[in-house]
Amino acid sequence: MPSPLLRACLATLLVVAPAAVLGQTASGPDVAPRREPSPRSLAARERQRRCGAEWRALTPPDKAAQGPRWPQYYSRCVRRLKEQRA
């Protein structure tokens with residue numbers, strides 16, 4: 001049975017090592033600055049938020065009538081919002 005000190009060291013490694021491998025601890029000058037989202041991606045995010053809010057507001061019977069699953073509803077909702085925009 002491992003000692004408590006060994007277990008504490010292993011637990012620390014399990015938490016710190018994946019973060020270091022994924023580069024989440026780096027904040028030096030080598031880190032590239034984040035780009036601003038394009039107008040197109042901002043519009044897509046807004047459509048997803050609006051469709052999500054509409055989906056959450058629907059009751060279960062309404063969801064079944066609109067399309068039983070989120071992907072089908074989202075596809076139709078995005079199409080509808082794009083047509084309203086044009």
# chains A, B, ... in the order shown; residues from 1 in each chain; ligands from 1
$ residues_around --residues "Pro71 in chain A" --least-positions-apart "5" --cutoff "12 Å" --atoms "only C-alpha atoms" --output "PyMOL selection string"
chain A and resi 48+51-52+55+63+66+76-78
$ write_last_selection --atoms "N, CA, C and O atoms" --output "mmCIF file, in the first residue's frame"
data_model
loop_
_atom_site.group_PDB
_atom_site.id
_atom_site.type_symbol
_atom_site.label_atom_id
_atom_site.label_comp_id
_atom_site.auth_asym_id
_atom_site.auth_seq_id
_atom_site.Cartn_x
_atom_site.Cartn_y
_atom_site.Cartn_z
ATOM 1 N N GLN A 48 -27.503 30.644 -32.798
ATOM 2 C CA GLN A 48 -27.548 29.475 -31.933
ATOM 3 C C GLN A 48 -28.156 29.824 -30.576
ATOM 4 O O GLN A 48 -28.951 29.066 -30.031
ATOM 5 N N CYS A 51 -31.999 30.281 -31.165
ATOM 6 C CA CYS A 51 -32.666 28.993 -31.382
ATOM 7 C C CYS A 51 -32.687 28.176 -30.096
ATOM 8 O O CYS A 51 -33.679 27.514 -29.786
ATOM 9 N N GLY A 52 -31.607 28.233 -29.334
ATOM 10 C CA GLY A 52 -31.555 27.508 -28.063
ATOM 11 C C GLY A 52 -32.582 28.025 -27.076
ATOM 12 O O GLY A 52 -33.240 27.252 -26.374
ATOM 13 N N TRP A 55 -35.942 26.797 -28.182
ATOM 14 C CA TRP A 55 -36.073 25.359 -27.921
ATOM 15 C C TRP A 55 -36.373 25.099 -26.446
ATOM 16 O O TRP A 55 -37.230 24.300 -26.104
ATOM 17 N N LYS A 63 -42.290 20.479 -28.700
ATOM 18 C CA LYS A 63 -41.021 19.976 -29.231
ATOM 19 C C LYS A 63 -41.267 18.798 -30.173
ATOM 20 O O LYS A 63 -40.632 18.686 -31.217
ATOM 21 N N GLN A 66 -42.497 20.224 -33.438
ATOM 22 C CA GLN A 66 -41.494 20.995 -34.173
ATOM 23 C C GLN A 66 -40.392 20.121 -34.751
ATOM 24 O O GLN A 66 -39.716 20.503 -35.684
ATOM 25 N N ARG A 76 -33.832 23.835 -38.865
ATOM 26 C CA ARG A 76 -34.967 24.608 -39.369
ATOM 27 C C ARG A 76 -34.968 26.035 -38.819
ATOM 28 O O ARG A 76 -35.297 26.984 -39.516
ATOM 29 N N CYS A 77 -34.584 26.170 -37.564
ATOM 30 C CA CYS A 77 -34.559 27.489 -36.930
ATOM 31 C C CYS A 77 -33.520 28.391 -37.595
ATOM 32 O O CYS A 77 -33.803 29.553 -37.891
ATOM 33 N N VAL A 78 -32.341 27.867 -37.859
ATOM 34 C CA VAL A 78 -31.291 28.661 -38.514
ATOM 35 C C VAL A 78 -31.742 29.070 -39.910
ATOM 36 O O VAL A 78 -31.568 30.224 -40.318
#
$ select_by_dssp --residues "range 25-54 of chain A" --states "alpha helix (DSSP H)" --output "mmCIF file with C-alpha atoms, in the first residue's frame"
data_model
loop_
_atom_site.group_PDB
_atom_site.id
_atom_site.type_symbol
_atom_site.label_atom_id
_atom_site.label_comp_id
_atom_site.auth_asym_id
_atom_site.auth_seq_id
_atom_site.Cartn_x
_atom_site.Cartn_y
_atom_site.Cartn_z
ATOM 1 C CA PRO A 39 -18.979 39.059 -38.076
ATOM 2 C CA ARG A 40 -20.033 35.768 -39.644
ATOM 3 C CA SER A 41 -19.152 33.726 -36.555
ATOM 4 C CA LEU A 42 -20.787 36.302 -34.275
ATOM 5 C CA ALA A 43 -23.989 36.008 -36.309
ATOM 6 C CA ALA A 44 -23.829 32.199 -36.088
ATOM 7 C CA ARG A 45 -23.417 32.371 -32.310
ATOM 8 C CA GLU A 46 -26.359 34.737 -32.022
ATOM 9 C CA ARG A 47 -28.547 32.418 -34.115
ATOM 10 C CA GLN A 48 -27.548 29.475 -31.933
ATOM 11 C CA ARG A 49 -28.416 31.415 -28.783
ATOM 12 C CA ARG A 50 -31.780 32.488 -30.158
ATOM 13 C CA CYS A 51 -32.666 28.993 -31.382
ATOM 14 C CA GLY A 52 -31.555 27.508 -28.063
ATOM 15 C CA ALA A 53 -33.727 29.930 -26.113
ATOM 16 C CA GLU A 54 -36.697 29.117 -28.338
#
$ closest_residue --among "A:Ser3, A:Ala8, A:Glu36, A:Arg56" --to "Tyr74 in chain A" --atoms "only C-alpha atoms"
A:Arg56
